[in-house]
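Student: Just one file: structure09.tsv, with TSV, C-alpha atoms.
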chain	number	residue	atom	x	y	z
E	1	MET	CA	0.00	0.00	0.00
E	2	ASP	CA	2.11	2.85	-1.24
E	3	PHE	CA	0.06	5.83	-2.19
E	4	LYS	CA	2.11	8.68	-3.52
E	5	SER	CA	1.07	12.28	-3.39
E	6	SER	CA	-2.53	12.97	-4.21
E	7	ASP	CA	-1.71	14.15	-7.74
E	8	THR	CA	-1.60	10.50	-8.73
E	9	VAL	CA	-5.27	10.29	-7.86
E	10	VAL	CA	-7.93	11.68	-10.13
E	11	ALA	CA	-9.22	14.69	-8.29
E	12	PRO	CA	-12.98	14.48	-7.77
E	13	GLY	CA	-13.12	18.23	-8.10
E	14	PRO	CA	-14.01	21.04	-8.88
E	15	PHE	CA	-15.31	21.67	-5.39
E	16	ALA	CA	-18.00	24.25	-5.74
E	17	GLY	CA	-18.34	25.88	-2.34
E	18	PRO	CA	-21.28	28.10	-1.47
E	19	ARG	CA	-22.97	30.29	-4.06
E	20	SER	CA	-22.41	33.99	-3.43
E	21	GLU	CA	-25.94	34.38	-2.03
E	22	ASP	CA	-25.34	31.50	0.39
E	23	ILE	CA	-22.33	33.08	2.07
E	24	LEU	CA	-22.55	33.90	5.77
E	25	PRO	CA	-21.34	37.27	7.01
E	26	ALA	CA	-17.75	37.36	8.33
E	27	SER	CA	-19.24	38.23	11.71
E	28	ALA	CA	-20.98	34.83	12.08
E	29	ALA	CA	-19.53	33.63	15.37
E	30	THR	CA	-21.77	30.92	16.79
E	31	ALA	CA	-24.01	28.25	15.35
E	32	VAL	CA	-26.74	26.25	17.05
E	33	LYS	CA	-28.66	23.28	15.74
E	34	VAL	CA	-32.10	21.78	15.86
E	35	VAL	CA	-32.72	18.20	14.74
E	36	ILE	CA	-35.84	17.26	12.77
E	37	VAL	CA	-36.51	13.56	13.38
E	38	GLY	CA	-39.03	11.46	11.59
E	39	GLY	CA	-39.69	8.35	9.57
E	40	PHE	CA	-39.01	7.96	5.86
E	41	GLY	CA	-41.24	10.17	3.72
E	42	VAL	CA	-42.73	12.14	6.60
E	43	GLY	CA	-41.49	15.44	5.15
E	44	LYS	CA	-38.26	16.22	7.04
E	45	THR	CA	-36.45	17.58	4.02
E	46	THR	CA	-39.58	19.44	2.91
E	47	LEU	CA	-39.75	21.15	6.30
E	48	VAL	CA	-36.03	21.95	6.29
E	49	GLY	CA	-36.30	23.31	2.74
E	50	ALA	CA	-39.35	25.42	3.54
E	51	VAL	CA	-37.61	27.45	6.26
E	52	SER	CA	-33.99	27.27	5.11
E	53	GLU	CA	-32.31	30.27	3.51
E	54	ILE	CA	-30.14	27.91	1.46
E	55	ARG	CA	-31.22	25.05	-0.74
E	56	PRO	CA	-30.97	22.01	1.54
E	57	LEU	CA	-27.55	20.40	1.45
E	58	THR	CA	-26.62	16.80	2.12
E	59	THR	CA	-23.87	15.55	4.33
E	60	GLU	CA	-22.99	11.91	4.25
E	61	GLU	CA	-21.43	9.37	6.49
E	62	THR	CA	-20.26	5.93	5.60
E	63	MET	CA	-21.06	2.87	7.62
E	64	THR	CA	-18.40	0.27	7.02
E	65	GLN	CA	-19.63	-3.25	7.16
E	66	ALA	CA	-16.87	-4.32	9.51
E	67	GLY	CA	-18.00	-1.59	11.87
E	68	ALA	CA	-14.42	-0.77	12.78
E	69	ASP	CA	-12.59	2.52	12.44
E	70	VAL	CA	-10.30	2.85	9.47
E	71	ASP	CA	-7.29	3.39	11.64
E	72	ASP	CA	-4.19	1.82	10.14
E	73	ASN	CA	-3.48	-0.13	7.03
E	74	ALA	CA	-5.20	-3.13	8.50
E	75	GLY	CA	-8.62	-3.99	7.21
E	76	VAL	CA	-8.84	-1.42	4.45
E	77	GLU	CA	-9.20	-4.03	1.76
E	78	ARG	CA	-12.61	-5.35	0.85
E	79	LYS	CA	-14.57	-3.10	3.11
E	80	THR	CA	-17.97	-2.33	1.73
E	81	ALA	CA	-19.40	0.97	2.76
E	82	THR	CA	-23.02	1.98	3.02
E	83	THR	CA	-23.61	5.68	2.64
E	84	VAL	CA	-26.21	7.33	4.83
E	85	ALA	CA	-27.26	10.85	3.91
E	86	MET	CA	-28.61	13.63	6.09
E	87	ASP	CA	-30.18	16.78	4.65
E	88	PHE	CA	-29.79	20.09	6.39
E	89	GLY	CA	-30.61	23.75	6.02
E	90	ARG	CA	-29.69	27.04	7.60
E	91	ILE	CA	-31.36	30.15	9.03
E	92	SER	CA	-29.30	33.23	9.87
E	93	ILE	CA	-30.69	34.49	13.16
E	94	ASN	CA	-28.61	37.66	13.25
E	95	ASP	CA	-25.15	38.80	12.14
E	96	GLU	CA	-23.48	36.55	14.70
E	97	LEU	CA	-25.82	33.63	15.28
E	98	VAL	CA	-26.75	30.90	12.79
E	99	LEU	CA	-29.31	28.14	13.24
E	100	TYR	CA	-28.82	24.84	11.40
E	101	LEU	CA	-31.62	22.32	10.91
E	102	PHE	CA	-30.74	18.67	10.41
E	103	GLY	CA	-33.28	16.17	9.17
E	104	THR	CA	-32.42	12.70	10.40
E	105	PRO	CA	-34.07	9.30	10.08
E	106	GLY	CA	-35.72	7.90	13.16
E	107	GLN	CA	-33.51	4.85	13.48
E	108	GLN	CA	-31.05	5.26	16.28
E	109	ARG	CA	-28.29	3.40	14.43
E	110	PHE	CA	-27.98	6.42	12.16
E	111	TRP	CA	-27.71	8.86	15.03
E	112	PHE	CA	-24.33	7.53	16.10
E	113	LEU	CA	-22.87	8.14	12.66
E	114	TRP	CA	-22.83	11.88	13.18
E	115	ASN	CA	-20.81	12.69	16.20
E	116	GLY	CA	-22.66	15.17	18.37
E	117	LEU	CA	-25.85	15.30	16.29
E	118	PHE	CA	-28.01	15.55	19.41
E	119	GLU	CA	-25.36	16.53	21.91
E	120	GLY	CA	-25.35	20.28	21.93
E	121	ALA	CA	-28.57	20.55	19.89
E	122	LEU	CA	-31.02	23.11	21.26
E	123	GLY	CA	-33.78	20.57	20.84
E	124	ALA	CA	-35.63	18.43	18.34
E	125	VAL	CA	-38.82	18.38	16.31
E	126	VAL	CA	-40.46	14.98	15.92
E	127	LEU	CA	-42.30	15.12	12.61
E	128	VAL	CA	-45.27	12.80	12.63
E	129	ASP	CA	-47.53	11.39	9.93
E	130	THR	CA	-50.84	10.29	11.45
E	131	ARG	CA	-51.03	7.47	8.90
E	132	ARG	CA	-47.94	5.95	10.47
E	133	LEU	CA	-48.00	6.96	14.11
E	134	GLU	CA	-46.25	3.80	15.24
E	135	VAL	CA	-43.00	4.98	13.60
E	136	SER	CA	-42.85	7.80	16.13
E	137	PHE	CA	-43.01	5.71	19.31
E	138	ASP	CA	-39.39	4.63	19.24
E	139	VAL	CA	-38.14	8.08	18.25
E	140	ILE	CA	-39.94	9.73	21.15
E	141	GLY	CA	-38.68	7.14	23.60
E	142	ARG	CA	-35.09	7.59	22.49
E	143	LEU	CA	-35.22	11.38	22.71
E	144	GLU	CA	-36.64	11.10	26.21
E	145	GLU	CA	-33.84	8.69	27.16
E	146	ARG	CA	-31.25	11.10	25.88
E	147	GLY	CA	-32.82	14.07	27.62
E	148	VAL	CA	-33.28	15.95	24.33
E	149	PRO	CA	-36.21	18.39	24.64
E	150	PHE	CA	-38.62	18.13	21.71
E	151	VAL	CA	-41.97	19.16	20.31
E	152	VAL	CA	-44.17	16.99	18.12
E	153	ALA	CA	-45.25	18.43	14.77
E	154	VAL	CA	-48.00	16.64	12.90
E	155	ASN	CA	-47.50	17.06	9.18
E	156	THR	CA	-50.89	17.28	7.55
E	157	PHE	CA	-51.08	15.28	4.37
E	158	PRO	CA	-54.30	15.64	2.38
E	159	GLU	CA	-55.27	12.04	3.03
E	160	SER	CA	-54.11	11.94	6.68
E	161	PRO	CA	-56.74	11.20	9.28
E	162	SER	CA	-56.95	14.09	11.73
E	163	TYR	CA	-57.17	13.44	15.44
E	164	PRO	CA	-57.86	15.75	18.35
E	165	VAL	CA	-54.59	16.77	20.02
E	166	GLU	CA	-55.41	14.99	23.25
E	167	GLU	CA	-56.12	11.77	21.38
E	168	LEU	CA	-52.70	12.04	19.71
E	169	ARG	CA	-51.08	12.79	23.05
E	170	ALA	CA	-52.58	9.66	24.50
E	171	ALA	CA	-51.68	7.59	21.44
E	172	LEU	CA	-48.06	8.77	21.56
E	173	ASP	CA	-47.95	8.56	25.36
E	174	LEU	CA	-46.62	12.11	25.54
E	175	PRO	CA	-46.28	14.03	28.81
E	176	ALA	CA	-48.70	16.95	29.17
E	177	GLU	CA	-45.97	19.60	28.87
E	178	VAL	CA	-44.66	18.45	25.47
E	179	PRO	CA	-46.27	20.65	22.79
E	180	ILE	CA	-48.06	19.07	19.84
E	181	VAL	CA	-48.55	21.31	16.84
E	182	GLY	CA	-50.02	20.77	13.42
E	183	CYS	CA	-48.04	21.89	10.40
E	184	ASP	CA	-47.86	21.91	6.65
E	185	ALA	CA	-44.20	21.13	6.08
E	186	ARG	CA	-44.32	22.73	2.62
E	187	ARG	CA	-45.13	26.18	3.97
E	188	ARG	CA	-42.46	28.47	5.35
E	189	GLU	CA	-44.75	30.18	7.92
E	190	SER	CA	-45.92	26.81	9.13
E	191	GLY	CA	-42.36	25.54	9.50
E	192	ARG	CA	-41.39	28.72	11.29
E	193	ASP	CA	-44.32	28.27	13.71
E	194	VAL	CA	-43.10	24.75	14.52
E	195	LEU	CA	-39.65	26.12	15.34
E	196	MET	CA	-41.22	28.92	17.40
E	197	SER	CA	-43.18	26.32	19.39
E	198	LEU	CA	-39.94	24.50	20.10
E	199	MET	CA	-38.23	27.73	21.18
E	200	ARG	CA	-41.12	28.70	23.46
E	201	TYR	CA	-41.01	25.23	25.00
E	202	LEU	CA	-37.22	25.45	25.48
E	203	TYR	CA	-37.69	28.89	27.00
E	204	SER	CA	-40.22	27.52	29.46
E	205	LEU	CA	-37.68	24.88	30.49
E	206	THR	CA	-35.18	27.58	31.43
E	207	ASN	CA	-37.65	29.24	33.76
E	208	PRO	CA	-38.28	27.40	37.01
E	209	GLU	CA	-41.40	29.50	37.61
E	210	ARG	CA	-43.01	28.18	34.46
E	211	PRO	CA	-42.38	24.46	34.35
H	1	MET	CA	-3.60	-3.69	-2.28
H	2	SER	CA	-5.18	-1.31	-4.69
H	3	ASP	CA	-5.78	-2.41	-8.23
H	4	PRO	CA	-4.25	0.10	-10.68
H	5	ASP	CA	-7.07	-0.51	-13.12
H	6	GLN	CA	-9.72	0.17	-10.59
H	7	GLU	CA	-11.81	3.24	-11.18
H	8	TRP	CA	-12.13	5.73	-8.38
H	9	ASP	CA	-15.59	5.93	-7.06
H	10	GLU	CA	-17.03	8.67	-4.89
H	11	GLY	CA	-18.23	6.24	-2.26
H	12	ASP	CA	-15.14	4.07	-2.35
H	13	PRO	CA	-13.63	3.60	1.10
H	14	GLU	CA	-10.19	3.47	-0.51
H	15	ARG	CA	-10.59	6.96	-1.91
H	16	LEU	CA	-11.43	8.23	1.55
H	17	TYR	CA	-8.44	6.37	2.90
H	18	VAL	CA	-6.16	8.18	0.47
H	19	ILE	CA	-7.66	11.60	1.10
H	20	THR	CA	-7.31	11.27	4.85
H	21	ARG	CA	-4.04	9.34	4.55
H	22	GLY	CA	-5.61	6.58	6.52
H	23	ARG	CA	-6.33	8.52	9.65
H	24	GLY	CA	-9.62	7.87	11.33
H	25	GLY	CA	-9.35	11.12	13.20
H	26	LEU	CA	-11.19	10.16	16.35
H	27	SER	CA	-9.64	12.88	18.49
H	28	GLN	CA	-10.36	15.57	15.93
H	29	ARG	CA	-13.90	14.34	15.51
H	30	ALA	CA	-14.49	14.90	19.19
H	31	ALA	CA	-13.58	18.56	18.85
H	32	LEU	CA	-15.37	19.41	15.60
H	33	ASP	CA	-19.15	19.57	15.66
H	34	LEU	CA	-21.40	19.54	12.60
H	35	VAL	CA	-22.01	23.24	13.21
H	36	THR	CA	-18.52	24.38	14.19
H	37	LEU	CA	-17.90	27.36	11.92
H	38	ILE	CA	-14.65	27.24	9.95
H	39	VAL	CA	-12.95	30.39	8.66
H	40	ALA	CA	-9.84	30.40	6.47
H	41	ARG	CA	-6.81	32.20	7.86
H	42	ALA	CA	-4.48	31.44	4.93
H	43	GLU	CA	-4.58	31.40	1.15
H	44	PRO	CA	-4.75	28.10	-0.73
H	45	HIS	CA	-1.42	27.03	-2.23
H	46	PRO	CA	-0.87	24.92	-5.36
H	47	SER	CA	1.34	22.48	-3.43
H	48	MET	CA	-1.51	21.64	-1.05
H	49	GLN	CA	-3.67	18.56	-1.21
H	50	PRO	CA	-6.63	19.65	-3.42
H	51	GLU	CA	-9.16	19.06	-0.64
H	52	HIS	CA	-7.22	21.28	1.76
H	53	ALA	CA	-7.02	24.04	-0.85
H	54	ALA	CA	-10.74	23.67	-1.55
H	55	ILE	CA	-11.58	24.08	2.14
H	56	LEU	CA	-9.51	27.26	2.35
H	57	ARG	CA	-11.27	28.64	-0.73
H	58	MET	CA	-14.81	27.85	0.42
H	59	CYS	CA	-14.17	29.06	3.99
H	60	HIS	CA	-13.16	32.55	2.97
H	61	TYR	CA	-16.31	33.43	4.92
H	62	PRO	CA	-17.51	31.28	7.84
H	63	LEU	CA	-18.93	27.90	6.87
H	64	SER	CA	-20.09	25.04	9.09
H	65	VAL	CA	-18.28	21.71	9.03
H	66	ALA	CA	-21.51	20.16	7.71
H	67	GLU	CA	-21.53	22.57	4.76
H	68	VAL	CA	-17.86	21.90	4.04
H	69	SER	CA	-18.68	18.18	4.01
H	70	ALA	CA	-21.61	18.75	1.65
H	71	TYR	CA	-19.63	20.89	-0.79
H	72	LEU	CA	-16.62	18.55	-0.73
H	73	ARG	CA	-18.97	15.58	-1.16
H	74	LEU	CA	-17.02	13.80	1.55
H	75	PRO	CA	-18.32	12.10	4.68
H	76	MET	CA	-18.20	14.09	7.91
H	77	SER	CA	-15.51	11.82	9.31
H	78	ALA	CA	-13.15	12.46	6.38
H	79	THR	CA	-14.01	16.16	6.35
H	80	THR	CA	-13.14	16.58	10.02
H	81	VAL	CA	-9.75	14.92	9.48
H	82	LEU	CA	-8.97	17.40	6.70
H	83	ILE	CA	-10.13	20.38	8.73
H	84	ALA	CA	-8.13	19.18	11.72
H	85	ASP	CA	-4.99	19.23	9.53
H	86	LEU	CA	-5.67	22.85	8.63
H	87	LEU	CA	-6.39	23.71	12.26
H	88	ALA	CA	-3.09	22.14	13.34
H	89	ASP	CA	-1.28	24.30	10.76
H	90	LYS	CA	-3.27	27.36	11.89
H	91	ARG	CA	-4.58	27.81	8.35
H	92	VAL	CA	-8.17	27.92	9.57
H	93	GLU	CA	-9.94	29.13	12.65
H	94	ALA	CA	-12.76	27.14	14.29
H	95	ARG	CA	-15.66	28.94	15.98
H	96	ALA	CA	-17.10	26.40	18.35
H	97	PRO	CA	-20.84	26.06	18.97
H	98	VAL	CA	-22.40	26.87	22.33
H	99	PRO	CA	-21.16	24.30	24.86
H	100	LYS	CA	-23.78	21.74	25.83
H	101	ALA	CA	-23.43	22.68	29.50
H	102	LEU	CA	-24.74	26.18	28.76
H	103	LEU	CA	-27.93	24.93	27.06
H	104	PRO	CA	-30.68	25.84	27.16
H	105	ASP	CA	-29.71	29.45	27.60
H	106	ARG	CA	-32.49	32.05	27.89
H	107	ALA	CA	-30.72	34.85	26.05
H	108	LEU	CA	-29.79	32.49	23.24
H	109	ILE	CA	-33.35	31.19	22.86
H	110	GLU	CA	-34.70	34.75	22.92
H	111	ALA	CA	-32.29	35.64	20.13
H	112	VAL	CA	-33.40	32.64	18.06
H	113	MET	CA	-37.09	33.53	18.57
H	114	HIS	CA	-36.40	37.08	17.52
H	115	GLY	CA	-34.64	35.85	14.38
H	116	LEU	CA	-37.41	33.39	13.52
H	117	GLN	CA	-40.02	36.13	13.74
H	118	LYS	CA	-38.35	37.81	10.78
H	119	LEU	CA	-38.66	34.69	8.64
Represent the structure from my file as structure tokens, please.
Tutor:
Amino acid sequence: MDFKSSDTVVAPGPFAGPRSEDILPASAATAVKVVIVGGFGVGKTTLVGAVSEIRPLTTEETMTQAGADVDDNAGVERKTATTVAMDFGRISINDELVLYLFGTPGQQRFWFLWNGLFEGALGAVVLVDTRRLEVSFDVIGRLEERGVPFVVAVNTFPESPSYPVEELRAALDLPAEVPIVGCDARRRESGRDVLMSLMRYLYSLTNPERP
Amino acid sequence: MSDPDQEWDEGDPERLYVITRGRGGLSQRAALDLVTLIVARAEPHPSMQPEHAAILRMCHYPLSVAEVSAYLRLPMSATTVLIADLLADKRVEARAPVPKALLPDRALIEAVMHGLQKL
């Protein structure tokens, strides 16, 4: 295994970088993140795209079949890699603060691929499709285990059955304080309202007078 | 061993191995979050590895590690190894996200709400 300098490798370039309208100001100093969790096809990327100031981007991580870190020369041969993608978007809050939104599948095995996806996140939005409520049970349980504060947003599809909020709360076994909001993931104002609900909930958690 | 006739494929683990020179980068990964903002502090140089030069070019203004990964079309793990190289050489600056211990912070959440209202 003797790789020479990288000029012997076909460069996969040109690397584009952000379009001029997607550039952050030089003053951007801190970024925070919110994770949108939900099952396949529930509208995570739609929601991210509706509120994002940039076209949603995709970051990838590879799961190697051997499950080991590619550390030395050992074990590099014959490793098959599965690529898992995660879409994300961005909202500039002010000149210094940037909010990133990551849409991630509900399966926990994907969560470990991205170091710190939930650690350090402000909170999460569990996006729910009432046609497939059962998908959300595990997600909610795992967020509770990890101590990640979250709100539940019910994405209204034209053919979705609609339930009273309290019926959904009972069905999802959600504590009374966890907000449940309806949304249309395609609409920017609706997506913004979901994020506002999360922020109001997070704010209430910081105030011991308003549990 | 690599097969000289083999075509390089975007998702090929061997390509990633070459780009990162085989380093898994566990320690660097611990320090770089998806939303750590990276800002170039040096100009790209023709003698640099193309990926390093590309990072310096795209981080002329702040850019999150996740965005760098997306634009490079490289996994986060490989991206963080490359950024860690540049950090070690002081060619980029990293602006860390709010530490977990400080969350949730009232002033921060108020700022986010204020920003969202303008959406």
Student: Quick one: residues within 8 Å of region 38-55 of chain H, only C-alpha atoms counted, chain neighbours fewer than 2 positions away excluded, as a list of chain:residue names?
Tutor: E:Ser6, E:Ala11, E:Phe15, E:Gly17, H:Ile19, H:Thr36, H:Arg57, H:Met58, H:Cys59, H:His60, H:Tyr61, H:Pro62, H:Leu63, H:Ser64, H:Val65, H:Val68, H:Leu72, H:Leu82, H:Ile83, H:Leu86, H:Lys90, H:Arg91, H:Val92, H:Glu93, H:Ala94, H:Arg95
Student: Could you please tell me, as a list in words, which residues of chain H have an atom within 6 Å of chain E when using only C-alpha atoms?
Tutor: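 Within 6 Å of chain E on chain H, we get Met1, Arg23, Gly24, Val35, Met58, Tyr61, Ser69, Ala70, Tyr71, Leu72, Pro75, Met76, Pro97, Lys100, Val112 and Gly115 of chain H.
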Student: Would you mind exporting the chosen residues as a PDB file, keeping the file's coordinate frame, restricted to C-alpha atoms?
Tutor:
ATOM      1  CA  MET H   1      -3.600  -3.690  -2.280  1.00  0.00           C
ATOM      2  CA  ARG H  23      -6.330   8.520   9.650  1.00  0.00           C
ATOM      3  CA  GLY H  24      -9.620   7.870  11.330  1.00  0.00           C
ATOM      4  CA  VAL H  35     -22.010  23.240  13.210  1.00  0.00           C
ATOM      5  CA  MET H  58     -14.810  27.850   0.420  1.00  0.00           C
ATOM      6  CA  TYR H  61     -16.310  33.430   4.920  1.00  0.00           C
ATOM      7  CA  SER H  69     -18.680  18.180   4.010  1.00  0.00           C
ATOM      8  CA  ALA H  70     -21.610  18.750   1.650  1.00  0.00           C
ATOM      9  CA  TYR H  71     -19.630  20.890  -0.790  1.00  0.00           C
ATOM     10  CA  LEU H  72     -16.620  18.550  -0.730  1.00  0.00           C
ATOM     11  CA  PRO H  75     -18.320  12.100   4.680  1.00  0.00           C
ATOM     12  CA  MET H  76     -18.200  14.090   7.910  1.00  0.00           C
ATOM     13  CA  PRO H  97     -20.840  26.060  18.970  1.00  0.00           C
ATOM     14  CA  LYS H 100     -23.780  21.740  25.830  1.00  0.00           C
ATOM     15  CA  VAL H 112     -33.400  32.640  18.060  1.00  0.00           C
ATOM     16  CA  GLY H 115     -34.640  35.850  14.380  1.00  0.00           C
TER      17      GLY H 115
END
Student: Report, in Å with one decimal, the straight-line distance from CA of Thr104 (chain E) to CA of Ile36 (chain E).
Tutor: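 Between these atoms lies a distance of 6.2 Å.
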Student: Find the distance between CA of Cys183 (chain E) and CA of Leu103 (chain H) and write it in Å to one decimal.
Tutor: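 So the two atoms, CA of Cys183 (chain E) and CA of Leu103 (chain H), lie 26.3 Å apart.
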Student: Using only C-alpha atoms, determine which residues lie at most 7 Å from Thr20 (chain H), disregarding the query and same-chain residues fewer than 4 positions distant; provide the list as an mmCIF file with C-alpha atoms, in the frame of the given file.
Tutor:
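Okay, this is what ended up in out04.cif:
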data_model
loop_
_atom_site.group_PDB
_atom_site.id
_atom_site.type_symbol
_atom_site.label_atom_id
_atom_site.label_comp_id
_atom_site.auth_asym_id
_atom_site.auth_seq_id
_atom_site.Cartn_x
_atom_site.Cartn_y
_atom_site.Cartn_z
ATOM 1 C CA LEU H 16 -11.430 8.230 1.550
ATOM 2 C CA ALA H 78 -13.150 12.460 6.380
ATOM 3 C CA VAL H 81 -9.750 14.920 9.480
ATOM 4 C CA LEU H 82 -8.970 17.400 6.700
#
Student: Looking at all atoms listed in the file, which of H:Pro99, H:Glu67, H:Leu116, H:Ile109 is the one that sits closest to Arg55 (chain E)?
Tutor: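 Among the listed residues, H:Glu67 lies closest to Arg55 (chain E).
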Student: By how many Å are CA of Leu174 (chain E) and CA of Ser160 (chain E) apart?
Tutor: 20.3 Å
Student: Which is closer to Pro104 (chain H) than all the others in E:Ala50, E:Val148, E:Phe137, E:Gln107, using only C-alpha atoms?
Tutor: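 Among the listed residues, the smallest separation from Pro104 (chain H) belongs to E:Val148.
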